[in-house]
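Note: the block below is my_file.csv and it holds CSV, C-alpha atoms.
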```csv
chain,number,residue,atom,x,y,z
A,12,MET,CA,0.0,0.0,0.0
A,13,LYS,CA,1.4,3.4,-1.0
A,14,CYS,CA,2.0,6.1,1.7
A,15,GLU,CA,0.2,8.7,-0.4
A,16,PHE,CA,-2.9,6.6,-0.6
A,17,VAL,CA,-2.8,5.8,3.1
A,18,ARG,CA,-2.4,9.5,4.0
A,19,ASP,CA,-5.4,10.3,1.9
A,20,GLN,CA,-7.5,7.9,3.9
A,21,PHE,CA,-6.4,9.2,7.3
A,22,ILE,CA,-9.5,11.1,8.1
A,23,ASP,CA,-11.8,8.3,7.1
A,24,TYR,CA,-9.6,5.9,9.1
A,25,TYR,CA,-9.7,8.2,12.1
A,26,TYR,CA,-13.5,8.4,12.0
A,27,LYS,CA,-13.8,4.6,11.3
A,28,GLU,CA,-15.7,5.4,8.1
A,29,LEU,CA,-13.9,2.7,6.1
A,30,PRO,CA,-14.8,-0.9,5.5
A,31,PRO,CA,-13.2,-3.3,8.1
A,32,ASP,CA,-10.6,-4.7,5.6
A,33,ALA,CA,-9.4,-1.2,4.7
A,34,ILE,CA,-9.0,-0.3,8.3
A,35,LEU,CA,-7.0,-3.4,8.9
A,36,GLU,CA,-4.7,-2.7,5.9
A,37,ILE,CA,-4.1,0.9,7.0
A,38,SER,CA,-3.4,-0.3,10.6
A,39,ARG,CA,-0.8,-2.8,9.2
A,40,HIS,CA,0.8,0.0,7.1
A,41,LEU,CA,1.1,2.3,10.1
A,42,GLU,CA,2.8,-0.4,12.1
A,43,GLN,CA,5.4,-0.8,9.3
A,44,CYS,CA,5.8,2.8,8.1
A,45,ALA,CA,7.3,5.2,10.7
A,46,SER,CA,6.8,8.3,8.5
A,47,CYS,CA,3.1,7.7,8.1
A,48,LYS,CA,2.7,6.8,11.7
A,49,GLU,CA,4.3,10.0,12.8
A,50,HIS,CA,2.2,12.0,10.3
A,51,TYR,CA,-1.0,10.3,11.6
A,52,GLN,CA,0.0,10.6,15.2
A,53,ALA,CA,0.4,14.4,14.9
A,54,ARG,CA,-3.0,14.7,13.4
A,55,ILE,CA,-4.9,12.6,15.8
A,56,GLU,CA,-3.3,14.3,18.8
A,57,MET,CA,-4.7,17.6,17.5
A,58,LEU,CA,-8.0,16.2,16.5
A,59,ASP,CA,-8.4,14.6,19.9
A,60,ALA,CA,-7.4,17.8,21.6
A,61,ILE,CA,-10.3,19.7,20.0
A,62,LYS,CA,-12.8,16.9,20.6
A,63,LEU,CA,-14.5,19.0,23.3
A,64,LYS,CA,-17.8,18.4,24.9
A,65,GLY,CA,-20.3,21.1,24.7
A,66,PRO,CA,-21.4,22.9,27.9
A,67,GLU,CA,-23.3,20.7,30.3
A,68,MET,CA,-26.3,22.6,31.6
A,69,PRO,CA,-27.9,22.0,35.0
A,70,GLU,CA,-31.2,20.1,35.3
A,71,ARG,CA,-33.1,23.3,36.3
A,72,PHE,CA,-32.0,24.8,32.9
A,73,TRP,CA,-33.7,22.0,31.0
A,74,SER,CA,-36.8,22.0,33.2
A,75,GLY,CA,-37.2,25.8,32.8
A,76,LEU,CA,-36.7,25.4,29.0
A,77,LEU,CA,-39.3,22.7,28.8
A,78,ARG,CA,-41.8,24.8,30.8
A,79,LYS,CA,-41.3,27.8,28.4
A,80,ILE,CA,-41.8,25.5,25.4
A,81,PHE,CA,-45.1,24.1,26.9
A,82,GLU,CA,-46.3,27.6,27.7
A,83,ARG,CA,-45.8,28.5,24.0
A,84,ILE,CA,-47.4,25.3,22.9
A,85,GLY,CA,-50.4,26.1,25.1
A,86,ARG,CA,-50.8,29.4,23.3
A,87,THR,CA,-50.5,27.6,20.0
A,88,ARG,CA,-53.3,25.2,21.0
A,89,GLU,CA,-55.5,28.1,21.9
A,90,ARG,CA,-54.8,29.8,18.6
A,91,ARG,CA,-55.5,26.5,16.7
A,92,ILE,CA,-59.2,26.9,17.5
A,93,PHE,CA,-59.2,29.8,15.0
A,94,ILE,CA,-57.0,28.2,12.4
A,95,PHE,CA,-58.7,27.8,9.0
A,96,ARG,CA,-59.9,24.2,8.5
A,97,PRO,CA,-61.5,23.6,5.1
A,98,ALA,CA,-64.2,21.0,6.0
A,99,PRO,CA,-65.8,23.0,8.9
A,100,ALA,CA,-65.5,26.2,6.9
A,101,PHE,CA,-67.3,24.7,4.0
A,102,ALA,CA,-70.0,23.3,6.2
A,103,THR,CA,-70.5,26.7,7.9
A,104,LEU,CA,-70.7,28.4,4.5
A,105,LEU,CA,-73.3,25.9,3.3
A,106,LEU,CA,-75.3,26.4,6.5
A,107,LEU,CA,-75.1,30.2,6.0
A,108,ILE,CA,-76.3,29.9,2.3
A,109,VAL,CA,-79.2,27.7,3.4
A,110,MET,CA,-80.1,30.1,6.2
A,111,ILE,CA,-80.0,33.1,3.8
A,112,PHE,CA,-82.2,31.5,1.1
A,113,GLY,CA,-84.5,30.0,3.7
A,114,GLY,CA,-84.9,33.5,5.3
A,115,ILE,CA,-85.5,35.1,1.9
A,116,ARG,CA,-88.2,32.6,1.0
A,117,TYR,CA,-89.8,32.9,4.5
A,118,PHE,CA,-90.0,36.7,4.4
A,119,ASP,CA,-91.3,36.5,0.8
A,120,SER,CA,-94.1,34.2,1.7
A,121,ARG,CA,-94.9,36.4,4.7
A,122,ARG,CA,-95.0,39.4,2.4
A,123,THR,CA,-97.5,37.6,0.1
A,124,GLU,CA,-99.6,36.7,3.0
A,125,ASN,CA,-99.6,40.3,4.3
A,126,LEU,CA,-100.5,41.6,0.8
A,127,ILE,CA,-103.4,39.2,0.6
A,128,ALA,CA,-104.5,40.2,4.1
A,129,GLU,CA,-104.2,43.9,3.2
A,130,ASN,CA,-106.2,43.5,0.0
A,131,PHE,CA,-108.7,40.9,1.4
A,132,GLY,CA,-111.5,43.3,1.1
A,133,LEU,CA,-110.7,44.1,-2.5
A,134,LEU,CA,-110.3,40.5,-3.3
A,135,GLN,CA,-113.7,39.7,-1.7
A,136,GLN,CA,-115.2,42.5,-3.7
A,137,PHE,CA,-113.9,41.0,-6.9
A,138,GLU,CA,-114.9,37.6,-5.6
A,139,LEU,CA,-111.5,36.4,-6.5
A,140,TYR,CA,-110.2,35.3,-3.1
A,141,GLU,CA,-111.1,31.6,-3.8
A,142,ASN,CA,-108.9,31.5,-6.9
A,143,LEU,CA,-105.7,33.3,-6.1
A,144,GLU,CA,-104.3,32.5,-9.5
A,145,LEU,CA,-106.3,35.4,-10.8
A,146,PHE,CA,-104.3,37.6,-8.6
A,147,GLU,CA,-101.4,37.2,-11.0
A,148,HIS,CA,-103.6,39.0,-13.6
A,149,MET,CA,-104.1,42.0,-11.3
A,150,GLU,CA,-102.5,44.4,-13.7
A,151,GLU,CA,-104.8,43.3,-16.5
A,152,ILE,CA,-107.9,43.6,-14.2
A,153,GLU,CA,-106.7,47.1,-13.2
A,154,ARG,CA,-106.3,48.0,-16.8
A,155,LEU,CA,-109.8,46.8,-17.6
A,156,GLU,CA,-111.1,48.7,-14.5
A,157,GLN,CA,-109.6,51.9,-15.9
A,158,VAL,CA,-111.2,51.3,-19.3
B,15,MET,CA,-34.1,5.1,19.3
B,16,ASP,CA,-34.9,2.3,16.9
B,17,ILE,CA,-37.3,2.6,13.9
B,18,LYS,CA,-40.3,0.9,15.7
B,19,ASP,CA,-40.0,3.2,18.8
B,20,GLU,CA,-39.6,6.2,16.5
B,21,THR,CA,-42.8,5.3,14.5
B,22,THR,CA,-44.7,4.9,17.8
B,23,MET,CA,-43.3,8.2,19.1
B,24,ILE,CA,-44.3,10.0,15.9
B,25,GLY,CA,-47.8,8.5,16.1
B,26,ARG,CA,-48.2,9.7,19.7
B,27,LEU,CA,-46.8,13.1,18.8
B,28,LYS,CA,-49.4,13.4,16.0
B,29,GLN,CA,-52.1,12.7,18.6
B,30,ASP,CA,-50.9,15.7,20.7
B,31,ASP,CA,-49.5,13.4,23.5
B,32,ASP,CA,-47.6,15.6,26.0
B,33,SER,CA,-45.7,12.7,27.5
B,34,ALA,CA,-44.4,11.8,24.0
B,35,PHE,CA,-43.3,15.4,23.5
B,36,ARG,CA,-41.5,15.3,26.9
B,37,SER,CA,-39.7,12.0,25.8
B,38,LEU,CA,-38.7,13.7,22.5
B,39,PHE,CA,-37.3,16.7,24.4
B,40,GLU,CA,-35.3,14.4,26.7
B,41,GLU,CA,-34.0,12.4,23.8
B,42,TYR,CA,-32.8,15.4,21.6
B,43,LYS,CA,-32.3,18.4,24.0
B,44,ARG,CA,-28.6,18.0,24.4
B,45,LEU,CA,-27.9,17.3,20.7
B,46,VAL,CA,-29.9,20.3,19.6
B,47,PHE,CA,-28.4,22.5,22.3
B,48,HIS,CA,-24.8,21.5,21.6
B,49,MET,CA,-25.4,21.9,17.9
B,50,ALA,CA,-26.9,25.4,18.3
B,51,TYR,CA,-24.2,26.4,20.8
B,52,ARG,CA,-21.5,25.4,18.4
B,53,LEU,CA,-23.1,27.2,15.5
B,54,THR,CA,-24.0,30.4,17.3
B,55,GLY,CA,-21.2,30.4,19.9
B,56,ASN,CA,-23.5,31.6,22.6
B,57,THR,CA,-25.6,29.8,25.2
B,58,HIS,CA,-28.4,32.3,25.2
B,59,GLU,CA,-28.8,32.1,21.5
B,60,ALA,CA,-28.6,28.3,21.7
B,61,GLU,CA,-31.3,28.3,24.4
B,62,ASP,CA,-33.6,30.3,22.0
B,63,VAL,CA,-32.8,28.0,19.1
B,64,VAL,CA,-33.7,25.0,21.2
B,65,GLN,CA,-37.1,26.6,22.1
B,66,GLU,CA,-37.8,27.4,18.4
B,67,VAL,CA,-36.7,23.9,17.3
B,68,PHE,CA,-39.1,22.1,19.6
B,69,ILE,CA,-42.0,24.6,18.9
B,70,LYS,CA,-41.4,24.0,15.1
B,71,VAL,CA,-41.4,20.2,15.7
B,72,TYR,CA,-44.7,20.5,17.6
B,73,ARG,CA,-46.3,22.6,14.9
B,74,GLY,CA,-44.9,20.6,12.0
B,75,ILE,CA,-45.2,17.0,13.2
B,76,GLU,CA,-48.6,16.6,11.5
B,77,GLY,CA,-47.0,17.3,8.2
B,78,PHE,CA,-43.9,15.1,8.9
B,79,ARG,CA,-44.0,12.4,6.2
B,80,GLU,CA,-41.2,10.2,7.7
B,81,GLU,CA,-39.0,10.5,4.6
B,82,CYS,CA,-36.1,10.8,7.0
B,83,SER,CA,-35.5,10.0,10.6
B,84,LEU,CA,-36.8,12.3,13.4
B,85,LYS,CA,-33.1,13.0,14.3
B,86,THR,CA,-32.3,14.2,10.8
B,87,TRP,CA,-35.5,16.3,10.6
B,88,ILE,CA,-34.8,17.9,14.0
B,89,LEU,CA,-31.2,18.7,13.0
B,90,LYS,CA,-32.3,20.2,9.7
B,91,ILE,CA,-34.6,22.5,11.6
B,92,THR,CA,-31.7,23.4,14.0
B,93,ILE,CA,-29.3,24.2,11.2
B,94,ASN,CA,-31.9,26.3,9.4
B,95,LEU,CA,-32.6,28.3,12.5
B,96,CYS,CA,-28.9,28.8,13.2
B,97,ARG,CA,-28.5,30.0,9.6
B,98,ASN,CA,-31.3,32.4,10.1
B,99,TYR,CA,-29.7,33.6,13.3
B,100,HIS,CA,-26.4,34.3,11.4
B,101,ARG,CA,-28.4,36.2,8.7
B,102,ARG,CA,-30.2,38.3,11.3
B,103,LYS,CA,-26.9,39.0,13.0
B,104,LYS,CA,-25.3,40.0,9.8
B,105,LEU,CA,-28.2,42.3,9.0
B,106,PHE,CA,-28.1,43.9,12.4
B,107,SER,CA,-24.3,44.5,12.0
B,108,PHE,CA,-25.0,45.9,8.6
B,109,LEU,CA,-27.6,48.3,9.9
B,110,SER,CA,-25.2,49.2,12.8
B,111,LEU,CA,-27.9,48.5,15.3
B,112,SER,CA,-25.7,46.1,17.3
B,113,ARG,CA,-22.5,48.1,16.7
B,114,GLY,CA,-20.6,44.8,16.8
B,115,SER,CA,-21.5,44.1,20.3
B,116,GLN,CA,-23.1,40.8,19.4
B,117,GLU,CA,-20.0,39.6,17.7
B,118,ASP,CA,-17.9,40.0,20.8
B,119,GLU,CA,-20.7,39.1,23.2
B,120,GLU,CA,-19.3,37.2,26.2
B,121,ASP,CA,-21.0,34.1,27.3
B,122,PRO,CA,-21.7,33.9,31.0
B,123,PRO,CA,-19.6,31.4,32.9
B,124,PHE,CA,-20.9,27.8,32.9
B,125,GLU,CA,-22.6,26.6,36.0
B,126,MET,CA,-20.5,23.9,37.6
B,127,SER,CA,-21.8,20.9,39.3
B,128,THR,CA,-20.5,20.2,42.8
B,129,GLN,CA,-18.5,17.1,41.5
B,130,GLU,CA,-16.6,19.1,38.9
B,131,ASP,CA,-13.1,20.5,39.5
B,132,PRO,CA,-13.3,24.3,38.9
B,133,SER,CA,-9.8,24.5,37.4
B,134,GLU,CA,-10.6,21.8,35.0
B,135,THR,CA,-13.9,23.5,34.0
B,136,ILE,CA,-12.1,26.8,33.4
B,137,PHE,CA,-9.4,25.0,31.3
B,138,HIS,CA,-12.2,23.2,29.3
B,139,ARG,CA,-14.0,26.5,28.9
B,140,GLN,CA,-10.9,28.2,27.6
B,141,ARG,CA,-10.2,25.5,25.1
B,142,LEU,CA,-13.8,25.6,24.0
B,143,ASP,CA,-13.5,29.3,23.4
B,144,VAL,CA,-10.4,28.8,21.3
B,145,LEU,CA,-12.2,26.2,19.3
B,146,ASN,CA,-15.3,28.3,18.8
B,147,LYS,CA,-13.2,31.3,17.6
B,148,ALA,CA,-11.3,29.0,15.2
B,149,MET,CA,-14.6,27.5,13.9
B,150,LYS,CA,-16.0,31.0,13.3
B,151,ARG,CA,-13.3,31.4,10.7
B,152,LEU,CA,-14.4,28.4,8.7
B,153,PRO,CA,-17.0,28.7,5.8
B,154,ARG,CA,-20.5,27.9,7.0
B,155,ARG,CA,-20.8,24.4,5.3
B,156,GLN,CA,-17.3,23.3,6.6
B,157,ARG,CA,-18.2,24.4,10.1
B,158,GLU,CA,-21.5,22.5,10.0
B,159,VAL,CA,-19.9,19.3,8.8
B,160,PHE,CA,-17.0,19.5,11.3
B,161,ILE,CA,-19.4,20.0,14.2
B,162,MET,CA,-21.6,17.1,13.2
B,163,LYS,CA,-18.8,14.8,12.5
B,164,HIS,CA,-16.1,15.6,14.9
B,165,LEU,CA,-18.0,17.0,17.9
B,166,GLU,CA,-21.4,15.2,17.6
B,167,GLU,CA,-19.8,12.0,16.1
B,168,MET,CA,-22.5,11.5,13.5
B,169,LYS,CA,-22.1,9.2,10.5
B,170,ILE,CA,-21.1,10.7,7.1
B,171,ARG,CA,-24.4,9.3,5.7
B,172,GLU,CA,-26.5,11.0,8.4
B,173,ILE,CA,-24.7,14.4,7.8
B,174,ALA,CA,-25.2,14.1,4.0
B,175,GLU,CA,-29.0,13.5,4.7
B,176,VAL,CA,-29.2,16.5,7.1
B,177,LEU,CA,-27.4,18.9,4.7
B,178,GLY,CA,-29.0,17.4,1.5
B,179,CYS,CA,-25.7,16.7,-0.2
B,180,SER,CA,-23.6,13.7,-1.3
B,181,GLU,CA,-21.4,11.7,1.1
B,182,GLY,CA,-18.4,12.7,-1.1
B,183,ALA,CA,-19.2,16.4,-0.6
B,184,VAL,CA,-19.4,15.9,3.2
B,185,LYS,CA,-16.0,14.2,3.2
B,186,ALA,CA,-14.5,17.0,1.1
B,187,HIS,CA,-15.9,19.6,3.5
B,188,LEU,CA,-14.6,17.7,6.5
B,189,PHE,CA,-11.2,17.3,5.0
B,190,LYS,CA,-11.0,21.0,4.2
B,191,ALA,CA,-12.3,22.0,7.6
B,192,ILE,CA,-9.7,19.9,9.4
B,193,HIS,CA,-6.9,21.2,7.3
B,194,ARG,CA,-8.0,24.8,7.9
B,195,LEU,CA,-8.8,24.3,11.6
B,196,LEU,CA,-5.7,22.6,12.9
B,197,PRO,CA,-3.2,25.4,12.1
B,198,ILE,CA,-5.7,28.0,13.4
B,199,VAL,CA,-6.1,26.1,16.7
B,200,LYS,CA,-2.3,25.5,16.9
B,201,GLU,CA,-1.7,29.3,16.4
B,202,MET,CA,-4.4,30.3,18.9
B,203,GLU,CA,-3.1,28.0,21.6
B,204,ARG,CA,0.4,29.6,21.5
```
Show the structure stored in the file as structure tokens.
Amino acid sequence: MKCEFVRDQFIDYYYKELPPDAILEISRHLEQCASCKEHYQARIEMLDAIKLKGPEMPERFWSGLLRKIFERIGRTRERRIFIFRPAPAFATLLLLIVMIFGGIRYFDSRRTENLIAENFGLLQQFELYENLELFEHMEEIERLEQV
Amino acid sequence: MDIKDETTMIGRLKQDDDSAFRSLFEEYKRLVFHMAYRLTGNTHEAEDVVQEVFIKVYRGIEGFREECSLKTWILKITINLCRNYHRRKKLFSFLSLSRGSQEDEEDPPFEMSTQEDPSETIFHRQRLDVLNKAMKRLPRRQREVFIMKHLEEMKIREIAEVLGCSEGAVKAHLFKAIHRLLPIVKEMER
């Protein structure tokens, strides 16, 4: 195995990112080649020296942090009630449309009833109250009346 | 955490299970915090990043399609938030709002447990500061790869997944990072 090839593999070798047979071959080479061994040793010493653990925080730090997260999650849950959801929104819209049209029809029929009630005397006079279809020809009747 | 446990955990999280969220926090809090600390160089910022990461996980779990592991997804969120932190910091410096104060912001001393030797903690802290300063001089991608590989001991395959690049690219970044970092650390330690 050539020294240059071995040196190219040092980082993968150090992190054990090579297949087992390649690791074995490099280990053998390092045992035999003093120059490569020295080169490798210098690098791993420095790499090991900067393999530093991150800061260890006390338990109360973590519990405080989790509490803050849950507080914010709680607010998110409250807000979720008002978040747009397509299915309920569509159902509400449908209900609104039904209510509006139902309302219009209801008030329309009430208006017709009121009109009949208001003009009941007139209708009686014309003896038309039994056949309300004639009411549709009111304009024509009025025209004839004028003539 | 194996795949079966993870699938169960995801299912419970999707059902808004608080105990599952607590378990998730316990499992990943250190990894996220250390990653954020190394990328921001500041414990306060790291704390904020941890909060944001877990809030994002909570809000996004319903849409999580399990195309990658939970760990990968959480680290992706962490890295993106740290990048945003750097962008914000750069913008603030540009607008002269911070007047460079954030750049040189001192981290408060670590809280020591009663079993720790104070002199050793101070020595560790000094070395960590040297390393953080040296890492700041690395390009962003090299720094991220170095942290994940050397400090968090992740596999090359996992790093490639988190960063969305090839394993070869990860190795190249790692190689360059180490070659740039070693002389800087050596020089700073003098």
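Remark: for Met49 in chain B, the closest of the candidate residues A:Ser74, A:Asn125, A:Asp19, A:Gly65 is A:Gly65 (distances computed over only C-alpha atoms).
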For the interface of chain A with chain B (cut-off 12 Å, counting all atoms listed in the file), please tabulate each contacting residue of chain A alongside its nearest pair of atoms and their separation in Å to one decimal, rows sorted by chain and increasing number, as CSV.
```
residue,atom,partner,partner_atom,distance
A:Arg18,CA,B:Phe189,CA,11.8
A:Asp19,CA,B:Phe189,CA,9.6
A:Gln20,CA,B:Phe189,CA,10.2
A:Phe21,CA,B:Phe189,CA,9.7
A:Ile22,CA,B:Phe189,CA,7.1
A:Asp23,CA,B:Lys185,CA,8.2
A:Tyr25,CA,B:His164,CA,10.2
A:Tyr26,CA,B:His164,CA,8.2
A:Lys27,CA,B:Lys169,CA,9.5
A:Glu28,CA,B:Ile170,CA,7.6
A:Leu29,CA,B:Ile170,CA,10.8
A:Ala53,CA,B:Leu196,CA,10.4
A:Arg54,CA,B:Leu196,CA,8.4
A:Ile55,CA,B:Leu196,CA,10.4
A:Glu56,CA,B:Leu196,CA,10.5
A:Met57,CA,B:Leu196,CA,6.9
A:Leu58,CA,B:Leu196,CA,7.7
A:Asp59,CA,B:His164,CA,9.2
A:Ala60,CA,B:Arg141,CA,8.9
A:Ile61,CA,B:Leu145,CA,6.8
A:Lys62,CA,B:Leu165,CA,5.9
A:Leu63,CA,B:Leu142,CA,6.7
A:Lys64,CA,B:Leu165,CA,7.1
A:Gly65,CA,B:His48,CA,5.5
A:Pro66,CA,B:Phe124,CA,7.0
A:Glu67,CA,B:Phe124,CA,7.9
A:Met68,CA,B:Glu125,CA,7.0
A:Pro69,CA,B:Glu125,CA,7.1
A:Glu70,CA,B:Ser127,CA,10.2
A:Arg71,CA,B:Glu125,CA,11.0
A:Phe72,CA,B:Glu61,CA,9.2
A:Trp73,CA,B:Lys43,CA,8.0
A:Ser74,CA,B:Glu40,CA,10.1
A:Gly75,CA,B:Glu61,CA,10.6
A:Leu76,CA,B:Gln65,CA,7.0
A:Leu77,CA,B:Phe39,CA,7.7
A:Arg78,CA,B:Gln65,CA,10.1
A:Lys79,CA,B:Gln65,CA,7.7
A:Ile80,CA,B:Gln65,CA,5.8
A:Phe81,CA,B:Ile69,CA,8.6
A:Glu82,CA,B:Ile69,CA,10.2
A:Arg83,CA,B:Ile69,CA,7.5
A:Ile84,CA,B:Ile69,CA,6.8
A:Gly85,CA,B:Ile69,CA,10.5
A:Arg86,CA,B:Ile69,CA,10.9
A:Thr87,CA,B:Arg73,CA,8.3
A:Arg88,CA,B:Arg73,CA,9.6
A:Arg90,CA,B:Arg73,CA,11.7
A:Arg91,CA,B:Arg73,CA,10.2
```
Legend entry - Two-atom distance - CA of Val176 in chain B, CA of Ile198 in chain B (Å):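 Computing it gives 26.9 Å between the two atoms.
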Residues near range 153-157 of chain B, anyone? I mean within 8 Å using only C-alpha atoms, not counting same-chain ones fewer than 6 positions away, as an mmCIF file with C-alpha atoms, in the coordinates of the input.
```cif
data_model
loop_
_atom_site.group_PDB
_atom_site.id
_atom_site.type_symbol
_atom_site.label_atom_id
_atom_site.label_comp_id
_atom_site.auth_asym_id
_atom_site.auth_seq_id
_atom_site.Cartn_x
_atom_site.Cartn_y
_atom_site.Cartn_z
ATOM 1 C CA LEU B 53 -23.100 27.200 15.500
ATOM 2 C CA HIS B 187 -15.900 19.600 3.500
ATOM 3 C CA LEU B 188 -14.600 17.700 6.500
ATOM 4 C CA LYS B 190 -11.000 21.000 4.200
ATOM 5 C CA ALA B 191 -12.300 22.000 7.600
#
```
Inset, instruction - Extract, using only C-alpha atoms, all DNA, RNA and protein residues at most 8 Å from Leu95 in chain B, discarding same-chain residues fewer than 2 positions from it, and format them as a list in words. - result: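 Counting only C-alpha atoms, the residues come to Val63, Glu66, Val67, Ile91, Thr92, Ile93, Arg97, Asn98 and Tyr99 of chain B.
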